[in-house]
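Note: the block below is protein-v2.csv and it holds CSV, C-alpha atoms and all ligand atoms.
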```csv
chain,number,residue,atom,x,y,z
V,1,MET,CA,0.0,0.0,0.0
V,2,ASN,CA,1.1,3.6,-0.6
V,3,ILE,CA,1.1,5.5,2.7
V,4,GLY,CA,1.3,9.3,3.0
V,5,VAL,CA,2.5,11.3,6.1
V,6,PRO,CA,1.7,15.0,5.8
V,7,LYS,CA,3.3,17.7,7.9
V,8,GLU,CA,1.0,18.7,10.8
V,9,ILE,CA,-0.4,22.2,10.2
V,10,LYS,CA,-2.2,22.9,13.5
V,11,ASN,CA,-0.7,25.9,15.4
V,12,ASN,CA,2.2,24.8,17.6
V,13,GLU,CA,1.9,21.1,16.6
V,14,ASN,CA,5.4,19.7,16.3
V,15,ARG,CA,4.6,16.0,16.3
V,16,VAL,CA,4.6,13.9,13.1
V,17,GLY,CA,2.5,10.8,12.4
V,18,ILE,CA,5.5,8.4,11.9
V,19,THR,CA,9.1,7.9,13.0
V,20,PRO,CA,11.9,6.5,10.7
V,21,ALA,CA,11.6,3.2,12.7
V,22,GLY,CA,7.9,3.1,12.0
V,23,ALA,CA,8.4,3.9,8.3
V,24,SER,CA,11.1,1.2,8.1
V,25,LEU,CA,8.7,-1.4,9.5
V,26,LEU,CA,6.0,-0.6,6.9
V,27,ILE,CA,8.6,-0.6,4.1
V,28,GLN,CA,10.0,-4.0,5.3
V,29,ALA,CA,6.4,-5.3,5.0
V,30,GLY,CA,6.4,-4.3,1.3
V,31,HIS,CA,4.7,-0.9,1.5
V,32,GLU,CA,5.8,2.6,0.2
V,33,VAL,CA,5.9,5.5,2.6
V,34,TYR,CA,5.7,9.1,1.4
V,35,VAL,CA,6.6,11.8,4.0
V,36,GLU,CA,6.0,15.5,3.3
V,37,ALA,CA,9.3,17.4,3.3
V,38,HIS,CA,10.2,18.8,6.8
V,39,ALA,CA,7.3,16.9,8.5
V,40,GLY,CA,9.6,15.5,11.2
V,41,GLU,CA,11.5,18.7,11.9
V,42,GLY,CA,9.5,19.8,14.9
V,43,SER,CA,10.3,16.4,16.5
V,44,GLY,CA,14.0,16.6,15.6
V,45,ILE,CA,13.7,14.1,12.7
V,46,THR,CA,15.3,15.1,9.4
V,47,ASP,CA,14.2,14.2,5.9
V,48,GLU,CA,17.5,12.3,5.5
V,49,GLU,CA,16.5,10.0,8.4
V,50,PHE,CA,13.4,9.1,6.5
V,51,LEU,CA,15.3,8.7,3.2
V,52,ALA,CA,17.8,6.4,4.9
V,53,VAL,CA,15.2,3.8,5.7
V,54,GLY,CA,13.8,3.9,2.2
V,55,ALA,CA,10.9,6.3,2.6
V,56,HIS,CA,10.2,9.0,-0.1
V,57,ILE,CA,10.1,12.7,0.6
V,58,VAL,CA,7.4,14.6,-1.2
V,59,ASN,CA,7.2,18.3,-1.6
V,60,SER,CA,3.6,19.1,-1.1
V,61,ALA,CA,0.8,18.2,1.3
V,62,LYS,CA,-1.3,17.4,-1.8
V,63,GLU,CA,1.1,14.6,-2.8
V,64,ALA,CA,1.2,13.2,0.7
V,65,TRP,CA,-2.6,13.2,0.9
V,66,SER,CA,-3.0,11.6,-2.5
V,67,LYS,CA,-1.8,8.2,-1.1
V,68,GLU,CA,-4.2,5.3,-0.2
V,69,MET,CA,-3.7,5.7,3.6
V,70,VAL,CA,-2.8,8.9,5.4
V,71,ILE,CA,-1.2,8.6,8.9
V,72,LYS,CA,-1.3,11.8,10.9
V,73,VAL,CA,-1.4,13.1,14.5
V,74,LYS,CA,-4.1,15.7,14.9
V,75,GLU,CA,-7.5,16.0,13.4
V,76,PRO,CA,-7.5,17.5,9.9
V,77,LEU,CA,-8.1,21.3,9.6
V,78,PRO,CA,-10.6,22.8,7.2
V,79,GLU,CA,-7.9,23.5,4.6
V,80,GLU,CA,-7.2,19.8,4.5
V,81,TYR,CA,-10.9,18.7,4.0
V,82,GLY,CA,-10.4,19.1,0.2
V,83,PHE,CA,-8.1,16.1,0.3
V,84,PHE,CA,-10.8,13.7,1.5
V,85,ARG,CA,-12.1,11.2,-1.0
V,86,GLU,CA,-13.8,7.9,-1.3
V,87,ASP,CA,-10.7,5.7,-1.6
V,88,LEU,CA,-8.8,7.4,1.3
V,89,ILE,CA,-8.1,5.7,4.6
V,90,LEU,CA,-7.5,8.3,7.3
V,91,PHE,CA,-5.7,7.1,10.5
V,92,THR,CA,-5.2,9.8,13.1
V,93,TYR,CA,-6.7,11.4,16.3
V,94,LEU,CA,-10.1,12.8,15.2
V,95,HIS,CA,-12.0,13.8,18.4
V,96,LEU,CA,-15.1,14.1,16.2
V,97,ALA,CA,-17.6,14.7,19.1
V,98,ALA,CA,-16.1,18.2,19.2
V,99,GLU,CA,-15.8,18.6,15.4
V,100,PRO,CA,-19.1,18.8,13.6
V,101,ALA,CA,-17.7,20.4,10.4
V,102,LEU,CA,-15.0,17.7,10.2
V,103,THR,CA,-17.6,14.9,10.8
V,104,GLU,CA,-19.7,16.3,8.0
V,105,ALA,CA,-16.8,16.6,5.6
V,106,LEU,CA,-15.8,12.9,6.3
V,107,ILE,CA,-19.4,11.8,5.7
V,108,GLN,CA,-19.8,13.8,2.5
V,109,SER,CA,-16.5,12.5,1.0
V,110,ASN,CA,-17.1,8.8,1.9
V,111,THR,CA,-13.7,8.7,3.6
V,112,THR,CA,-12.8,5.7,5.7
V,113,ALA,CA,-11.9,7.4,9.0
V,114,ILE,CA,-10.3,5.5,11.9
V,115,ALA,CA,-9.7,7.5,15.1
V,116,TYR,CA,-6.8,6.6,17.4
V,117,GLU,CA,-8.7,7.6,20.4
V,118,THR,CA,-11.6,5.1,20.0
V,119,VAL,CA,-9.5,2.0,19.3
V,120,GLN,CA,-10.3,0.0,22.4
V,121,VAL,CA,-8.9,-3.3,23.9
V,122,GLY,CA,-11.1,-4.3,26.8
V,123,LYS,CA,-11.4,-1.1,28.9
V,124,GLU,CA,-8.0,0.2,27.6
V,125,LEU,CA,-7.5,2.8,24.9
V,126,PRO,CA,-4.1,1.8,23.6
V,127,LEU,CA,-3.6,4.7,21.2
V,128,LEU,CA,-4.6,7.3,23.8
V,129,ARG,CA,-2.5,5.8,26.5
V,130,PRO,CA,0.9,7.0,25.3
V,131,MET,CA,-0.2,10.6,25.4
V,132,SER,CA,-1.8,10.2,28.9
V,133,GLU,CA,1.5,8.7,30.0
V,134,VAL,CA,3.3,11.8,28.7
V,135,ALA,CA,0.8,14.2,30.2
V,136,GLY,CA,0.9,12.5,33.6
V,137,ARG,CA,4.6,12.5,33.9
V,138,ARG,CA,4.8,16.1,32.7
V,139,GLY,CA,2.0,17.1,35.1
V,140,THR,CA,4.2,16.3,38.1
V,141,ILE,CA,7.3,18.1,36.6
V,142,VAL,CA,5.2,21.2,35.8
V,143,ALA,CA,3.8,21.2,39.3
V,144,ALA,CA,7.2,20.9,40.9
V,145,THR,CA,8.3,23.9,38.9
V,146,GLN,CA,5.2,26.0,39.5
V,147,LEU,CA,5.7,25.4,43.3
V,148,GLU,CA,8.7,27.7,43.2
V,149,LYS,CA,8.2,31.0,44.9
V,150,HIS,CA,9.1,33.2,41.9
V,151,ARG,CA,6.4,31.5,39.8
V,152,GLY,CA,3.7,32.2,42.4
V,153,GLY,CA,4.0,28.9,44.2
V,154,ARG,CA,4.4,28.0,47.9
V,155,GLY,CA,8.2,27.9,47.7
V,156,ILE,CA,8.3,24.1,48.4
V,157,LEU,CA,10.8,21.5,47.1
V,158,LEU,CA,8.7,18.4,46.6
V,159,SER,CA,11.5,16.1,47.9
V,160,GLY,CA,12.0,18.1,51.1
V,161,VAL,CA,15.5,17.8,52.6
V,162,PRO,CA,16.7,16.0,55.7
V,163,GLY,CA,14.8,17.4,58.6
V,164,VAL,CA,12.1,19.2,56.5
V,165,ASP,CA,8.8,17.8,55.3
V,166,ARG,CA,8.3,16.4,51.8
V,167,GLY,CA,5.7,18.0,49.6
V,168,HIS,CA,2.3,16.4,49.3
V,169,VAL,CA,1.0,15.5,45.8
V,170,VAL,CA,-2.7,14.5,45.5
V,171,ILE,CA,-3.8,12.7,42.4
V,172,LEU,CA,-7.4,12.2,41.3
V,173,GLY,CA,-7.9,9.2,39.0
V,174,GLY,CA,-5.5,6.2,38.8
V,175,GLY,CA,-5.6,5.4,35.1
V,176,SER,CA,-2.7,5.8,32.6
V,177,ALA,CA,-2.2,9.5,33.4
V,178,GLY,CA,-2.7,9.1,37.2
V,179,VAL,CA,-0.3,6.2,37.5
V,180,SER,CA,2.3,8.1,35.4
V,181,ALA,CA,2.0,11.2,37.6
V,182,ALA,CA,2.3,9.2,40.7
V,183,ARG,CA,5.4,7.4,39.5
V,184,MET,CA,7.1,10.7,38.7
V,185,ALA,CA,6.0,12.2,42.1
V,186,ILE,CA,7.4,9.2,44.0
V,187,GLY,CA,10.6,9.5,41.9
V,188,LEU,CA,10.9,13.2,43.0
V,189,GLY,CA,10.5,12.1,46.6
V,190,ALA,CA,7.1,13.5,47.3
V,191,ARG,CA,4.4,12.1,49.6
V,192,VAL,CA,1.6,10.9,47.3
V,193,THR,CA,-2.1,10.3,47.9
V,194,LEU,CA,-4.1,8.9,45.0
V,195,LEU,CA,-8.0,8.9,44.9
V,196,GLU,CA,-9.7,6.4,42.6
V,197,ILE,CA,-13.4,5.6,42.1
V,198,SER,CA,-13.2,2.1,40.8
V,199,GLU,CA,-12.9,-0.7,43.4
V,200,ASP,CA,-11.0,-3.0,41.1
V,201,ARG,CA,-8.6,-0.3,40.1
V,202,MET,CA,-8.0,0.7,43.7
V,203,ARG,CA,-6.9,-2.9,44.4
V,204,TYR,CA,-4.6,-2.9,41.4
V,205,LEU,CA,-3.1,0.4,42.5
V,206,GLU,CA,-2.5,-0.9,46.0
V,207,ASP,CA,-0.7,-3.9,44.4
V,208,ILE,CA,1.6,-1.9,42.1
V,209,PHE,CA,2.5,0.9,44.5
V,210,ASP,CA,2.6,-1.2,47.7
V,211,LYS,CA,3.0,1.4,50.5
V,212,SER,CA,4.7,4.1,48.4
V,213,VAL,CA,1.3,5.8,47.6
V,214,THR,CA,-1.8,6.2,49.9
V,215,ILE,CA,-4.8,4.9,47.9
V,216,LEU,CA,-8.1,6.4,48.9
V,217,LYS,CA,-11.7,6.0,47.6
V,218,SER,CA,-12.7,9.0,45.6
V,219,ASN,CA,-15.6,10.7,47.3
V,220,PRO,CA,-16.3,14.4,48.2
V,221,LEU,CA,-15.4,14.0,51.8
V,222,ASN,CA,-12.0,12.4,51.1
V,223,ILE,CA,-11.2,14.8,48.4
V,224,GLU,CA,-12.0,17.8,50.6
V,225,ARG,CA,-10.0,16.3,53.5
V,226,VAL,CA,-6.8,15.6,51.5
V,227,LEU,CA,-6.9,18.9,49.6
V,228,ARG,CA,-6.7,20.9,52.9
V,229,ASN,CA,-3.0,19.9,53.1
V,230,ALA,CA,-2.1,19.3,49.5
V,231,ASP,CA,0.8,21.2,47.8
V,232,VAL,CA,-0.2,19.8,44.4
V,233,LEU,CA,-3.4,18.5,42.9
V,234,ILE,CA,-3.2,16.6,39.6
V,235,SER,CA,-6.6,15.6,38.3
V,236,THR,CA,-6.7,12.8,35.7
V,237,ILE,CA,-10.2,11.5,36.0
V,238,LEU,CA,-12.0,10.1,32.9
V,239,ILE,CA,-15.3,8.5,32.3
V,240,PRO,CA,-14.9,7.3,28.6
V,241,GLY,CA,-16.9,9.3,26.1
V,242,ALA,CA,-18.4,11.6,28.8
V,243,LYS,CA,-17.7,15.2,29.9
V,244,ALA,CA,-15.6,15.2,33.1
V,245,ASP,CA,-17.5,15.8,36.4
V,246,LYS,CA,-16.5,18.9,38.4
V,247,ILE,CA,-15.5,16.8,41.4
V,248,VAL,CA,-13.3,19.5,42.9
V,249,THR,CA,-15.5,22.4,44.0
V,250,GLU,CA,-14.7,26.0,44.4
V,251,ALA,CA,-15.1,25.6,48.2
V,252,MET,CA,-12.5,22.8,48.2
V,253,VAL,CA,-10.0,25.0,46.2
V,254,GLN,CA,-10.6,27.9,48.7
V,255,GLN,CA,-9.4,25.7,51.5
V,256,MET,CA,-6.2,24.6,49.7
V,257,PRO,CA,-3.0,26.2,51.0
V,258,LYS,CA,-2.0,29.5,49.4
V,259,GLY,CA,0.6,28.9,46.7
V,260,SER,CA,-0.5,25.3,46.1
V,261,VAL,CA,-0.7,24.2,42.4
V,262,ILE,CA,-3.6,22.5,40.5
V,263,ILE,CA,-2.9,20.7,37.2
V,264,ASP,CA,-6.1,19.7,35.5
V,265,ILE,CA,-5.1,17.1,32.9
V,266,SER,CA,-8.7,16.3,32.3
V,267,ILE,CA,-9.2,19.7,30.8
V,268,ASP,CA,-9.4,18.2,27.3
V,269,GLN,CA,-12.7,16.5,28.4
V,270,GLY,CA,-14.1,19.8,29.8
V,271,GLY,CA,-12.1,19.9,33.1
V,272,SER,CA,-12.8,18.5,36.5
V,273,VAL,CA,-12.1,21.5,38.8
V,274,GLU,CA,-14.8,24.1,39.3
V,275,THR,CA,-12.3,27.0,39.4
V,276,ILE,CA,-10.8,26.1,36.1
V,277,ASP,CA,-12.8,28.3,33.7
V,278,ARG,CA,-10.4,28.4,30.7
V,279,VAL,CA,-8.1,26.4,28.7
V,280,THR,CA,-4.5,27.8,29.0
V,281,THR,CA,-1.6,27.5,26.5
V,282,HIS,CA,2.1,26.6,26.6
V,283,ASP,CA,2.8,30.3,26.1
V,284,ASP,CA,0.7,31.4,29.1
V,285,PRO,CA,0.0,28.2,31.0
V,286,VAL,CA,-1.1,29.4,34.5
V,287,TYR,CA,-3.4,31.8,36.3
V,288,THR,CA,-4.0,32.3,40.1
V,289,LYS,CA,-7.4,32.1,41.8
V,290,PHE,CA,-8.0,32.1,45.6
V,291,GLY,CA,-4.2,32.1,45.9
V,292,VAL,CA,-3.9,28.8,44.1
V,293,VAL,CA,-2.0,28.4,40.9
V,294,HIS,CA,-4.1,26.8,38.1
V,295,TYR,CA,-2.6,25.0,35.0
V,296,SER,CA,-5.0,23.8,32.3
V,297,VAL,CA,-3.2,23.2,29.1
V,298,ALA,CA,-5.1,20.8,26.8
V,299,ASN,CA,-2.2,19.6,24.7
V,300,MET,CA,0.4,18.9,27.4
V,301,PRO,CA,2.3,16.4,25.1
V,302,GLY,CA,2.8,19.2,22.6
V,303,ALA,CA,5.6,20.6,24.8
V,304,VAL,CA,7.7,17.4,24.3
V,305,PRO,CA,7.0,16.6,20.7
V,306,ARG,CA,10.0,14.3,20.2
V,307,THR,CA,9.1,12.0,23.1
V,308,SER,CA,5.5,12.2,22.1
V,309,THR,CA,6.1,11.3,18.4
V,310,PHE,CA,8.1,8.3,19.3
V,311,ALA,CA,5.6,7.1,21.9
V,312,LEU,CA,2.7,7.6,19.5
V,313,THR,CA,4.3,5.6,16.6
V,314,ASN,CA,5.3,2.8,19.0
V,315,ALA,CA,1.5,2.4,19.7
V,316,THR,CA,0.0,3.1,16.3
V,317,ILE,CA,2.4,1.3,14.0
V,318,THR,CA,1.2,-2.3,14.5
V,319,TYR,CA,-2.3,-1.2,13.6
V,320,ALA,CA,-1.1,0.8,10.6
V,321,GLU,CA,0.9,-2.2,9.4
V,322,ARG,CA,-2.1,-4.5,9.7
V,323,ILE,CA,-4.3,-2.1,7.7
V,324,ALA,CA,-1.7,-1.7,5.0
V,325,THR,CA,-1.0,-5.5,4.7
V,326,LYS,CA,-4.5,-6.9,5.1
V,327,GLY,CA,-6.4,-4.1,3.5
V,328,VAL,CA,-8.6,-1.9,5.6
V,329,LYS,CA,-11.7,-4.0,5.3
V,330,ARG,CA,-10.1,-7.3,6.4
V,331,ALA,CA,-8.0,-5.6,9.1
V,332,LEU,CA,-11.1,-4.0,10.6
V,333,LEU,CA,-13.3,-7.2,10.4
V,334,ASP,CA,-10.5,-9.3,11.9
V,335,ASP,CA,-10.0,-7.1,14.9
V,336,PRO,CA,-12.9,-5.9,17.1
V,337,SER,CA,-10.5,-3.5,18.9
V,338,LEU,CA,-9.6,-1.7,15.6
V,339,LEU,CA,-13.2,-1.9,14.4
V,340,LEU,CA,-14.1,0.3,17.4
V,341,GLY,CA,-11.8,2.9,15.9
V,342,LEU,CA,-13.9,3.2,12.8
V,343,ASN,CA,-15.8,6.5,13.1
V,344,VAL,CA,-17.0,7.1,9.6
V,345,ALA,CA,-17.2,4.9,6.5
V,346,LYS,CA,-19.1,5.0,3.2
V,347,GLY,CA,-20.8,8.2,4.2
V,348,LYS,CA,-22.1,6.7,7.5
V,349,VAL,CA,-21.3,7.4,11.1
V,350,THR,CA,-20.2,4.1,12.7
V,351,TYR,CA,-19.4,5.3,16.2
V,352,LYS,CA,-22.5,5.6,18.5
V,353,ALA,CA,-21.3,8.5,20.7
V,354,ILE,CA,-20.6,10.6,17.6
V,355,ALA,CA,-23.9,9.8,15.9
V,356,ASP,CA,-25.6,10.8,19.2
V,357,ALA,CA,-23.6,14.0,19.6
V,358,PHE,CA,-24.8,15.4,16.3
V,359,GLY,CA,-28.1,13.6,15.7
V,360,TYR,CA,-26.8,11.4,12.8
V,361,ALA,CA,-28.1,7.9,12.3
V,362,TYR,CA,-25.8,5.3,13.8
V,363,TYR,CA,-24.7,2.4,11.6
V,364,ASP,CA,-23.1,-0.8,12.9
V,365,PRO,CA,-19.6,-0.8,11.5
V,366,TYR,CA,-19.6,-4.5,10.8
V,367,THR,CA,-22.7,-4.2,8.7
V,368,VAL,CA,-21.5,-1.1,6.8
V,369,LEU,CA,-18.2,-2.9,5.9
V,370,THR,CA,-19.8,-6.2,4.8
V,371,GLN,CA,-22.7,-4.7,2.7
V,372,GLU,CA,-21.8,-4.0,-0.9
V,401,LIG,N1,-4.3,17.7,29.0
V,401,LIG,C1,-3.7,16.9,28.2
V,401,LIG,O1,-2.8,17.4,27.4
V,401,LIG,C2,-4.0,15.5,28.1
V,401,LIG,C3,-3.1,14.6,27.5
V,401,LIG,C4,-3.4,13.2,27.5
V,401,LIG,C5,-4.6,12.8,28.1
V,401,LIG,N2,-5.4,13.7,28.7
V,401,LIG,C6,-6.7,13.3,29.4
V,401,LIG,O2,-6.3,12.8,30.7
V,401,LIG,C7,-7.5,12.1,31.1
V,401,LIG,C8,-7.1,10.8,31.8
V,401,LIG,O3,-6.7,9.9,30.7
V,401,LIG,P1,-6.2,8.4,31.1
V,401,LIG,O4,-5.7,7.8,29.8
V,401,LIG,O5,-5.4,8.4,32.3
V,401,LIG,O6,-7.7,7.7,31.4
V,401,LIG,P2,-7.9,6.4,32.1
V,401,LIG,O7,-9.3,5.9,31.7
V,401,LIG,O8,-6.8,5.4,32.0
V,401,LIG,O9,-8.0,6.8,33.7
V,401,LIG,C9,-9.0,7.5,34.2
V,401,LIG,C10,-9.2,7.0,35.7
V,401,LIG,O10,-10.1,8.0,36.3
V,401,LIG,C11,-10.9,7.2,37.2
V,401,LIG,N3,-12.1,8.0,37.6
V,401,LIG,C12,-13.2,8.3,37.0
V,401,LIG,N4,-14.0,9.1,37.7
V,401,LIG,C13,-13.3,9.3,38.9
V,401,LIG,C14,-13.6,10.1,40.0
V,401,LIG,N5,-14.8,10.8,40.2
V,401,LIG,N6,-12.7,10.1,41.0
V,401,LIG,C15,-11.5,9.4,40.9
V,401,LIG,N7,-11.2,8.7,39.8
V,401,LIG,C16,-12.1,8.6,38.8
V,401,LIG,C17,-11.3,6.0,36.4
V,401,LIG,O11,-11.7,4.9,37.2
V,401,LIG,C18,-9.9,5.7,35.7
V,401,LIG,O12,-9.1,4.8,36.5
V,401,LIG,C19,-8.4,12.0,29.9
V,401,LIG,O13,-9.4,12.9,30.0
V,401,LIG,C20,-7.5,12.3,28.8
V,401,LIG,O14,-8.2,12.7,27.6
V,401,LIG,C21,-5.1,15.0,28.7
```
Would you put the structure from the file into structure tokens?
Ligand SMILES: NC(=O)c1ccc[n+]([C@@H]2O[C@H](COP(=O)([O-])OP(=O)(O)OC[C@H]3O[C@@H](n4cnc5c(N)ncnc54)[C@H](O)[C@@H]3O)[C@@H](O)[C@H]2O)c1
Amino acid sequence: MNIGVPKEIKNNENRVGITPAGASLLIQAGHEVYVEAHAGEGSGITDEEFLAVGAHIVNSAKEAWSKEMVIKVKEPLPEEYGFFREDLILFTYLHLAAEPALTEALIQSNTTAIAYETVQVGKELPLLRPMSEVAGRRGTIVAATQLEKHRGGRGILLSGVPGVDRGHVVILGGGSAGVSAARMAIGLGARVTLLEISEDRMRYLEDIFDKSVTILKSNPLNIERVLRNADVLISTILIPGAKADKIVTEAMVQQMPKGSVIIDISIDQGGSVETIDRVTTHDDPVYTKFGVVHYSVANMPGAVPRTSTFALTNATITYAERIATKGVKRALLDDPSLLLGLNVAKGKVTYKAIADAFGYAYYDPYTVLTQE
């Protein structure tokens, strides 16, 4: 199969849809990879590195988009909708529930659109996980920095020093991002409390962290109690497909120590903290409310594009290879996890939450693929 990798055009997006190692794997399997010139630059990958593994460099987005399958990172922008067509397989993050115009463009063009974020194995979202791992780890690092006095923080070193208390990091949600944030906080020497709502998950967390993290049931009383003496709150809660609940109320934030730091990683699902009323950016990431520093950047992995690009390709490449080798129809029908990633095909919406979000009819993906 001929596979195109266009340069990302979203503002400040420095990731790219494939690494040289990923391209090499596809080429070894008998496919051709066409990368748009300079597409890897933001991630520190040169055109020469792609050429060295046998990929082709093409000089325009149009050329990269003209291939049978396009592998990307972010959802296409309006200036890219013109590249959609019936025989195109699009494999990327789509987040269609927030993108009515993109959804309509995919339907009208009969594009086969597979979204990374809805590929699902059991309860896991394997193509979302790498970015949650990046965001969780960064969350702790950002918090540690924001705690410094000259940045408006309490003036606390998370590790403490001999004879002086360690900082207290409170994490809400113990999924991919929460576990990653906790690991980093333990590594920095902080005292860590993690609140989780799922009974099964709490037991798993107790097992993996042993006594290095205090695991508590997530409920309003426990959240309020631990936040009274938290230096850092990192919220990572997620109910798949739903808007995040505002489980941290304004009253709870008012009782947090002055100069403490809130990182709301769940901001990309609407946010989980009542006092977070805006999405912030890497250029201007924090604001202070009730004396507490608030950080609500929705694309935290964007600050570390090189790590994020490699982590993303590690996760996506086996699926991409299967689509290319088996053909999209066979690959989807053979793998129920990948089939869940199919959002739009043959002009029909094949993912229920997206159909419901915009009032489209929902079509079962299996039926859509098997009917002629
Ligand atoms: N801001 C960013 O740049 C960025 C980057 C990557 C991921 N994210 C977001 O981070 C969030 C977490 O992602 P993830 O992959 O870790 O999800 P996940 O599904 O692995 O984990 C979420 C956890 O939250 C728990 N939970 C749900 N409701 C809760 C509650 N009320 N109290 C305590 N725990 C609760 C769930 O049981 C689950 O264990 C998602 O919204 C994701 O989109 C944000």
For the contact check between segment 29-143 of chain V and segment 175-194 of chain V, emit one row per residue of segment 29-143 of chain V within 12 Å, containing the shortest atom pair and the distance in Å rounded to one decimal, counting only C-alpha atoms, chain then rising number order, as a Markdown table.
```
| residue | atom | partner | partner_atom | distance |
| --- | --- | --- | --- | --- |
| V:Lys123 | CA | V:Gly175 | CA | 10.7 |
| V:Glu124 | CA | V:Ser176 | CA | 9.2 |
| V:Leu125 | CA | V:Ser176 | CA | 9.6 |
| V:Pro126 | CA | V:Ser176 | CA | 9.9 |
| V:Leu127 | CA | V:Ser176 | CA | 11.5 |
| V:Leu128 | CA | V:Ser176 | CA | 9.1 |
| V:Arg129 | CA | V:Ser176 | CA | 6.1 |
| V:Pro130 | CA | V:Ser176 | CA | 8.2 |
| V:Met131 | CA | V:Ala177 | CA | 8.3 |
| V:Ser132 | CA | V:Ala177 | CA | 4.6 |
| V:Glu133 | CA | V:Ala177 | CA | 5.1 |
| V:Val134 | CA | V:Ala177 | CA | 7.6 |
| V:Ala135 | CA | V:Ala177 | CA | 6.4 |
| V:Gly136 | CA | V:Ala177 | CA | 4.3 |
| V:Arg137 | CA | V:Ala181 | CA | 4.7 |
| V:Arg138 | CA | V:Ala181 | CA | 7.5 |
| V:Gly139 | CA | V:Ala181 | CA | 6.4 |
| V:Thr140 | CA | V:Ala181 | CA | 5.6 |
| V:Ile141 | CA | V:Met184 | CA | 7.7 |
| V:Val142 | CA | V:Ala181 | CA | 10.7 |
| V:Ala143 | CA | V:Ala185 | CA | 9.7 |
```
Given 6 Å and all atoms listed in the file, residues near ligand LIG 401 (chain V) as a ChimeraX atom specification: /V:129,131-132,135,172-178,195-198,218,236-239,265-269,297-301
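Omitting Leu102 of chain V and its sequence neighbours fewer than 5 positions away, and counting only C-alpha atoms, the residues within 8 Å are Pro76, Leu77, Pro78, Tyr81 and Leu96 of chain V.
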One decimal place gives the atom CA of Ile171 of chain V-atom CA of Val304 of chain V separation as 22.0 Å
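With all atoms listed in the file taken into account, the protein and nucleic acid residues at most 12 Å from Ala357 of chain V (excluding it and anything under 4 positions from it in its own chain) are V:His95, V:Leu96, V:Ala97, V:Ala98, V:Glu99, V:Pro100, V:Thr103, V:Gly241, V:Ala242, V:Lys243, V:Val349, V:Tyr351, V:Lys352, V:Ala353, V:Ala361, V:Tyr362.
Put simply, atom CA of Val292 of chain V is 19.0 Å away from atom CA of Arg166 of chain V.
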Within 12 Å of Leu51 of chain V, counting all atoms listed in the file, which residues show up once you throw out same-chain ones fewer than 3 positions away? Write them as a ChimeraX atom specification, please. /V:19-21,23-24,27,32-38,40,45-48,54-58
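Across V:Ala115, V:Asp264, V:Ala230, V:Thr350, the tightest approach to Pro285 of chain V is made by V:Asp264 when counting all atoms listed in the file.
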Selection near segment 312-323 of chain V, 7 Å with all atoms listed in the file, sequence-local residues under 2 positions removed, as a ChimeraX atom specification: /V:17-19,22,26,126-127,130,308-310,325-328,331
Tell me which of V:Gly160, V:Asp283, V:Pro220, V:Gly302 sits closest to Lys10 of chain V, counting all atoms listed in the file. V:Gly302
Could you model N, CA and C atoms for segment 189-199 of chain V and present them as a short mmCIF file (atom, residue, chain, number, x, y, z; two decimals), keeping the file's coordinate frame?
```cif
data_model
loop_
_atom_site.label_atom_id
_atom_site.label_comp_id
_atom_site.auth_asym_id
_atom_site.auth_seq_id
_atom_site.Cartn_x
_atom_site.Cartn_y
_atom_site.Cartn_z
N GLY V 189 10.45 12.15 45.18
CA GLY V 189 10.50 12.10 46.60
C GLY V 189 9.35 12.68 47.36
N ALA V 190 8.24 12.93 46.65
CA ALA V 190 7.10 13.50 47.30
C ALA V 190 6.27 12.50 48.07
N ARG V 191 5.39 12.99 48.97
CA ARG V 191 4.40 12.10 49.60
C ARG V 191 3.19 12.15 48.66
N VAL V 192 2.65 10.96 48.33
CA VAL V 192 1.60 10.90 47.30
C VAL V 192 0.35 10.24 47.81
N THR V 193 -0.79 10.89 47.56
CA THR V 193 -2.10 10.30 47.90
C THR V 193 -2.87 10.25 46.54
N LEU V 194 -3.43 9.06 46.23
CA LEU V 194 -4.10 8.90 45.00
C LEU V 194 -5.59 8.48 45.27
N LEU V 195 -6.55 9.20 44.71
CA LEU V 195 -8.00 8.90 44.90
C LEU V 195 -8.57 8.31 43.65
N GLU V 196 -9.18 7.14 43.77
CA GLU V 196 -9.70 6.40 42.60
C GLU V 196 -11.15 6.02 42.92
N ILE V 197 -11.99 5.95 41.88
CA ILE V 197 -13.40 5.60 42.10
C ILE V 197 -13.70 4.15 41.93
N SER V 198 -12.92 3.48 41.06
CA SER V 198 -13.20 2.10 40.80
C SER V 198 -12.58 1.16 41.81
N GLU V 199 -13.41 0.26 42.36
CA GLU V 199 -12.90 -0.70 43.40
C GLU V 199 -11.81 -1.55 42.86
#
```
